[in-house]
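Notes to accompany the following structure.
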Amino acid sequence: MTRALSWILSLTALASLVLLVGVFTWQSSVIWQRDGIAYVTGHSWFYRQQQFGAFSLLYGSIVVSSMALLLAGPLGLGAALFIAEYLPQKTRLVLKSLIELLAGIPSVVYGLLGILLLRGWVYETFERFEPLSGDTLLTAGILLAIMLLPTVVSLSEDALRAVPASQRRAARALGLTRAETIWSVCLPQARRGITSAFLLALGRSLGETVAIFLVVGRQDNNVPHSWLSPAPLLQAGQTLTSKLGGAETNIAYGDPLHWSAIMGLGLILLILTGAATLLGTVRRERNA
Amino acid sequence: MRKAKDLLLGTLLGACLLATLAIVGGLVFAIVHRGWPAISVSFFTEQIRLVGADGGIFWNLIGTGILLVTALLASAPCAVSLALLERVWLRSPQLRRLLRLALYTINGLPSIVFGIFGFIVFVQWCGWGKSWLAGGLVLAMSMLPTVTIVLLERIAAIPTRYVEAAAALGLNRTQIVWAVLMRQSWGGLISGSLLGLARAAGETAPIMFTATIFAGATFPRAVVESPVLTLSYHIFILAQDSFAPAVGTKLWGAALVLLGLVFSFTLAALPARLRQHEESNV
Amino acid sequence: MSEVPPILQIQKLEVRTHARLLLRNITLSIFEGEIFGLIGPSGAGKSTLLRSLNRLNDLLPGLYVKGDVLLRGQSVYARDTDVNSIRTRIGMLFQQPVIFPTTIRENVLFGAKRVLALGKVEQTVRVESALRESSLWDEVKDRLQQPASALSVGQQQRLCLARALAVQPEVLLMDEPTSALDPRSTAAIEELLLRLKTRHTIVIVTHNITQARRVTNSLAFVAIQDGAGEILEHGATKALLSAPKNPILADYLTHSS
């Protein structure tokens, strides 16, 4: 009885996951059949003209996420190192709990903070680049970095904790300084765990919707003409998630082609976040 | 030279921690500071008036509560089942690993994906329209891995000698499940659920297409076309045009309440987590 | 006879946690070139005492040390003492061999490379001399670039010894270095200790009276008295083991042989 029930419920849960992936694949098939790979590489998205090129959305997602990781990664790792390697057990537990608490701040609250505080700051700070408003890819990147910080700290700290204390003790007994121990023992041995932490954070940042939605400007078709200039970062843009969270999702339902283009974005998002999370999880397994 | 490097690195890392705490702590402070003036009894007991500029968030709290209770009721049995499947019923280590990987991967899937999935399945195919049940079920899906993983770890931490002792008395596996495993790990179900609820309470993306509207809903009396108001969607909508100062304070107030709700769930789960943390350090 | 000043002088050392006293009034002199043994029942604080000598206890928060240890007359616990250089001068071997996840060669050089800033040629020379000193050279000379984790536990312990020797310490601390080893590896280490004695000073914690008799010159007996570890008797190994004066020591010796 117990056994049968738990099999049934488990299979229902797992079936709904399979259904989820299936629905996104199946419902996006129209656009894949029509455009093929051009759907991913195409630069223009004008749904009234039935043009669906997802490239600018992919670009937005990747730019915003990499900016966030570039900012949050080093800072978060530094903080994690300090917590794991310098602080006594009690302080460590208190800080760790605090950081995990902060990691739970809802994204809509971050979005609100982004709108009311960060947007104006970006506009003023980067005034000489003449942004049209404070709603830019950069704003979204910075906001996302702040959001990711607690997660990066917490996961990196876990990775560092997985390095046995005996290894540190042996290094210190040889007369190595704390810094030398960090460089030669802790970081190399926690490498897997740390990259895993960054991959999991990447998955999260690619999938983050509401906070980005509120500050990214939601401007379609923003693809930079020159890859090296910082200017495109100070323009409004669009990410996969901000598109999916927008009004177009409601409009598109009923028009098979438009809808399948929207679902295609969902499928791309599923694949990207799924891959980052899966890789991160497998690496973390090996670290433990 | 070596000493100087040691000092430099320590200072640098300490600065990283301080900066992190200052940034995130500063944000919390900003919300408390701005939201506190809005908090009053009537803020909790009145409904929205004047597009959020006046009144309170009564129905938003009720709506959020309805979604959370639904999500909890739908996810808890599934979480127990999945955890038992991984710990007890599945014998092959490969399958168990696959199940764990699946759980962790689902945990990392974006909530907007669940939202759109719910939109297709519940709102369109089932014809429910925006409904509290659709939202609750979608939230259940998004919190399920969290609950399961916490419960799973808790069951895994039960020393095998208890299972062996029970088996030596002649208990069969189902009896062992109830007498040993579940009895010793229900705390894991509770703390897992609390963490899942903390996450679900703040979610906006999964419910904006499936369950929630900005104004005009009260207590749902059916399933079809029965949306609710929620805190997170309230903030989401008002944040987009929050230039009236009167709305501003109310908005920060709502954000403070949401933050308080999320933090209380996380804090309630904290003692159990710390205990497990210390056990695993021994 | 003892006109030569001791290399290590433990002066009224006291170690306590917040709640209780672990070691009380420890005073000992350890002379250059001897193997000094610490024996006593488990839980008496032998390891804590050993770790106080190179201030490894600093890494455990919540331990407070009073009194001092002098290394060739220099205070180990003084405010302006560089702890890391003290630890370089006082090497240490643990109960379980601690191998870094890298090659055999890198393990030997792990401390020496960083602490002594050796050049390329010196590194190679140092690897060979350290491995020879720990009698491991012949077994590993053809596979220095292979992972150290492939070695047996006994070999790993000797590798740890080589790693400690490579920084050329003046004193070596050993915390039951053979307790994780089989009898053959234990015999190899004991033989090694007797050879090292000519050039090094060794302080060793051991549970094993036979081992203490075989390798040490002097002994101190640490046991709990009034709730804290104390040295109840110390002196030359032979005299102490054959004619113990302290009744607790006599009792301990009868029960553990």
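Letters for chains follow the order of the structure tokens (A, B, ...), residue numbers begin at 1 for each chain, and ligand numbers begin at 1 in the order shown.
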Rows by chain and residue number, chain B within 6 Å of chain A, shortest pair, only C-alpha atoms, as a tab-separated table:
residue	atom	partner	partner_atom	distance
B:Asp6	CA	A:Ala179	CA	4.8
B:Leu13	CA	A:Gly78	CA	4.8
B:Gly14	CA	A:Phe82	CA	5.8
B:Cys16	CA	A:Ala79	CA	4.9
B:Leu17	CA	A:Ala79	CA	3.9
B:Cys78	CA	A:Leu9	CA	5.5
B:Ser81	CA	A:Ser6	CA	4.2
B:Leu82	CA	A:Ser10	CA	5.1
B:Thr105	CA	A:Leu278	CA	5.5
B:Gly108	CA	A:Thr277	CA	5.8
B:Pro110	CA	A:Gly207	CA	4.4
B:Gly202	CA	A:Pro106	CA	4.6
B:Ala239	CA	A:Leu112	CA	5.7
Do you know which residues are at most 9 Å from Gly43 in chain C counting only C-alpha atoms, after dropping those on the same chain fewer than 6 positions away, and could you put them as a list in words?
Ala223, Ile224 and Gly229 of chain C
Take the residues from that selection and put them in a file with N, CA and C atoms, as a short mmCIF file (atom, residue, chain, number, x, y, z; two decimals), in the first residue's frame.
data_model
loop_
_atom_site.label_atom_id
_atom_site.label_comp_id
_atom_site.auth_asym_id
_atom_site.auth_seq_id
_atom_site.Cartn_x
_atom_site.Cartn_y
_atom_site.Cartn_z
N ALA C 223 49.44 12.19 32.81
CA ALA C 223 48.18 11.57 33.22
C ALA C 223 47.30 12.61 33.89
N ILE C 224 46.04 12.26 33.99
CA ILE C 224 45.08 13.19 34.60
C ILE C 224 45.24 13.18 36.11
N GLY C 229 45.53 17.31 32.84
CA GLY C 229 46.74 16.57 32.53
C GLY C 229 47.95 17.17 33.22
#
When DSSP works through the backbone of this structure, what residues of range 80-192 of chain C end up as alpha helix (DSSP H), shown as number ranges by chain?
C: 83-89, 104-115, 120-133, 137-140, 153-166, 183-192
Non-local contacts of range 55-58 of chain C (9 Å; only C-alpha atoms; under 3 positions in same chain excluded) as a VMD selection string:
(chain A and resid 169 172 to 173) or (chain C and resid 48 50 to 52 61 to 65 76 to 77 83 86 to 87)
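Nearest residue to chain A, choosing from C:Leu23, C:Gly45, C:Met174, C:Gln11 and counting only C-alpha atoms: C:Met174.
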Show me, as CSV, the residues of chain B having an atom within 12 Å of chain C, each with the closest atom pair and its distance in Å, using only C-alpha atoms.
residue,atom,partner,partner_atom,distance
B:Met1,CA,C:Val115,CA,11.1
B:Arg2,CA,C:Val115,CA,8.6
B:Lys3,CA,C:Asp82,CA,9.0
B:Asp6,CA,C:Asn84,CA,10.9
Kindly export the residues of the current selection with N, CA and C atoms, as a JSON list (two decimals), in the first residue's frame.
[["chain", "number", "residue", "atom", "x", "y", "z"],
["B", 1, "MET", "N", 58.20, 39.55, 3.23],
["B", 1, "MET", "CA", 57.52, 39.41, 1.94],
["B", 1, "MET", "C", 56.35, 38.43, 2.04],
["B", 2, "ARG", "N", 56.66, 37.22, 2.56],
["B", 2, "ARG", "CA", 55.59, 36.23, 2.71],
["B", 2, "ARG", "C", 54.56, 36.76, 3.69],
["B", 3, "LYS", "N", 55.06, 37.42, 4.71],
["B", 3, "LYS", "CA", 54.16, 37.94, 5.73],
["B", 3, "LYS", "C", 53.26, 39.02, 5.16],
["B", 6, "ASP", "N", 50.58, 37.54, 3.10],
["B", 6, "ASP", "CA", 49.57, 36.93, 3.97],
["B", 6, "ASP", "C", 48.59, 37.98, 4.46]]
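Of the residues listed (A:Asn222, A:Gln89, A:Ser229, A:Gln238), A:Gln89 shows the shortest atom-to-atom separation from chain C; distances use only C-alpha atoms.
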Mind checking which residues fall within 7 Å of range 136-144 of chain A, counting only C-alpha atoms, ignoring those fewer than 5 positions away in the same chain, and posting them as number ranges by chain?
A: 64-65, 67-68, 114, 118-119, 122, 205, 212, 215-217, 233-237
Could you name the residues that touch range 261-264 of chain B at 7 Å or less, counting only C-alpha atoms, but leaving out those on the same chain fewer than 3 positions away, as a list in words?
Leu101 of chain A; Ala198, Ala201, Gly202, Val257, Leu258, Leu267 and Ala268 of chain B
Prev. selection, C-alpha atoms, output as a PDB file, in the first residue's frame:
ATOM      1  CA  LEU A 101      18.653  33.946   4.703  1.00  0.00           C
TER       2      LEU A 101
ATOM      3  CA  ALA B 198      10.053  30.591   1.518  1.00  0.00           C
ATOM      4  CA  ALA B 201       6.079  32.883  -1.311  1.00  0.00           C
ATOM      5  CA  GLY B 202       8.332  35.251  -3.221  1.00  0.00           C
ATOM      6  CA  VAL B 257       5.763  42.303   4.491  1.00  0.00           C
ATOM      7  CA  LEU B 258       6.817  39.893   1.748  1.00  0.00           C
ATOM      8  CA  LEU B 267      14.272  31.282  10.047  1.00  0.00           C
ATOM      9  CA  ALA B 268      11.729  28.706  11.182  1.00  0.00           C
TER      10      ALA B 268
END
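Counting only C-alpha atoms and comparing C:Glu190, C:Glu14, C:Asp138, C:Glu106, the residue that lies closest to Pro177 in chain C is C:Glu190.
Residue nearest chain A within the list C:Gln9, C:Gln168, C:Ser149, C:Ser42: C:Gln168 [criterion: smallest interatomic distance, only C-alpha atoms].
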Using only C-alpha atoms, which protein or nucleic acid residues come within 9 Å of Gly73 in chain C? Drop anything in the same chain fewer than 6 positions from it, and give the result as a PDB file with C-alpha atoms, in the first residue's frame.
ATOM      1  CA  PRO C   5      71.303  24.314  27.183  1.00  0.00           C
ATOM      2  CA  PRO C   6      68.161  22.395  26.186  1.00  0.00           C
ATOM      3  CA  ILE C   7      66.809  22.925  22.662  1.00  0.00           C
ATOM      4  CA  LEU C   8      63.212  23.027  23.911  1.00  0.00           C
ATOM      5  CA  GLN C   9      62.233  24.294  27.298  1.00  0.00           C
TER       6      GLN C   9
END
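Take the candidates A:Ser44, A:Ser226, A:Ser166, A:Ser260 and check each one against chain C using only C-alpha atoms; the shortest distance goes to A:Ser166.
Residues within 12 Å of Glu133 in chain C, counting only C-alpha atoms and excluding same-chain residues fewer than 6 positions away, are Val108, Arg126, Val127, Arg158, Leu159, Cys160, Leu161, Ala162, Arg163, Ala164, Leu165, Ala166, Gln168, Ile189, Glu191, Leu192, Leu193, Leu194, Arg195, Leu196, Lys197, Thr198, Arg199 and His200 of chain C.
Proximity to chain C was assessed for A:Gly134, A:Pro164, A:Gly175, A:Gly42 counting only C-alpha atoms; the smallest distance is recorded for A:Gly175.
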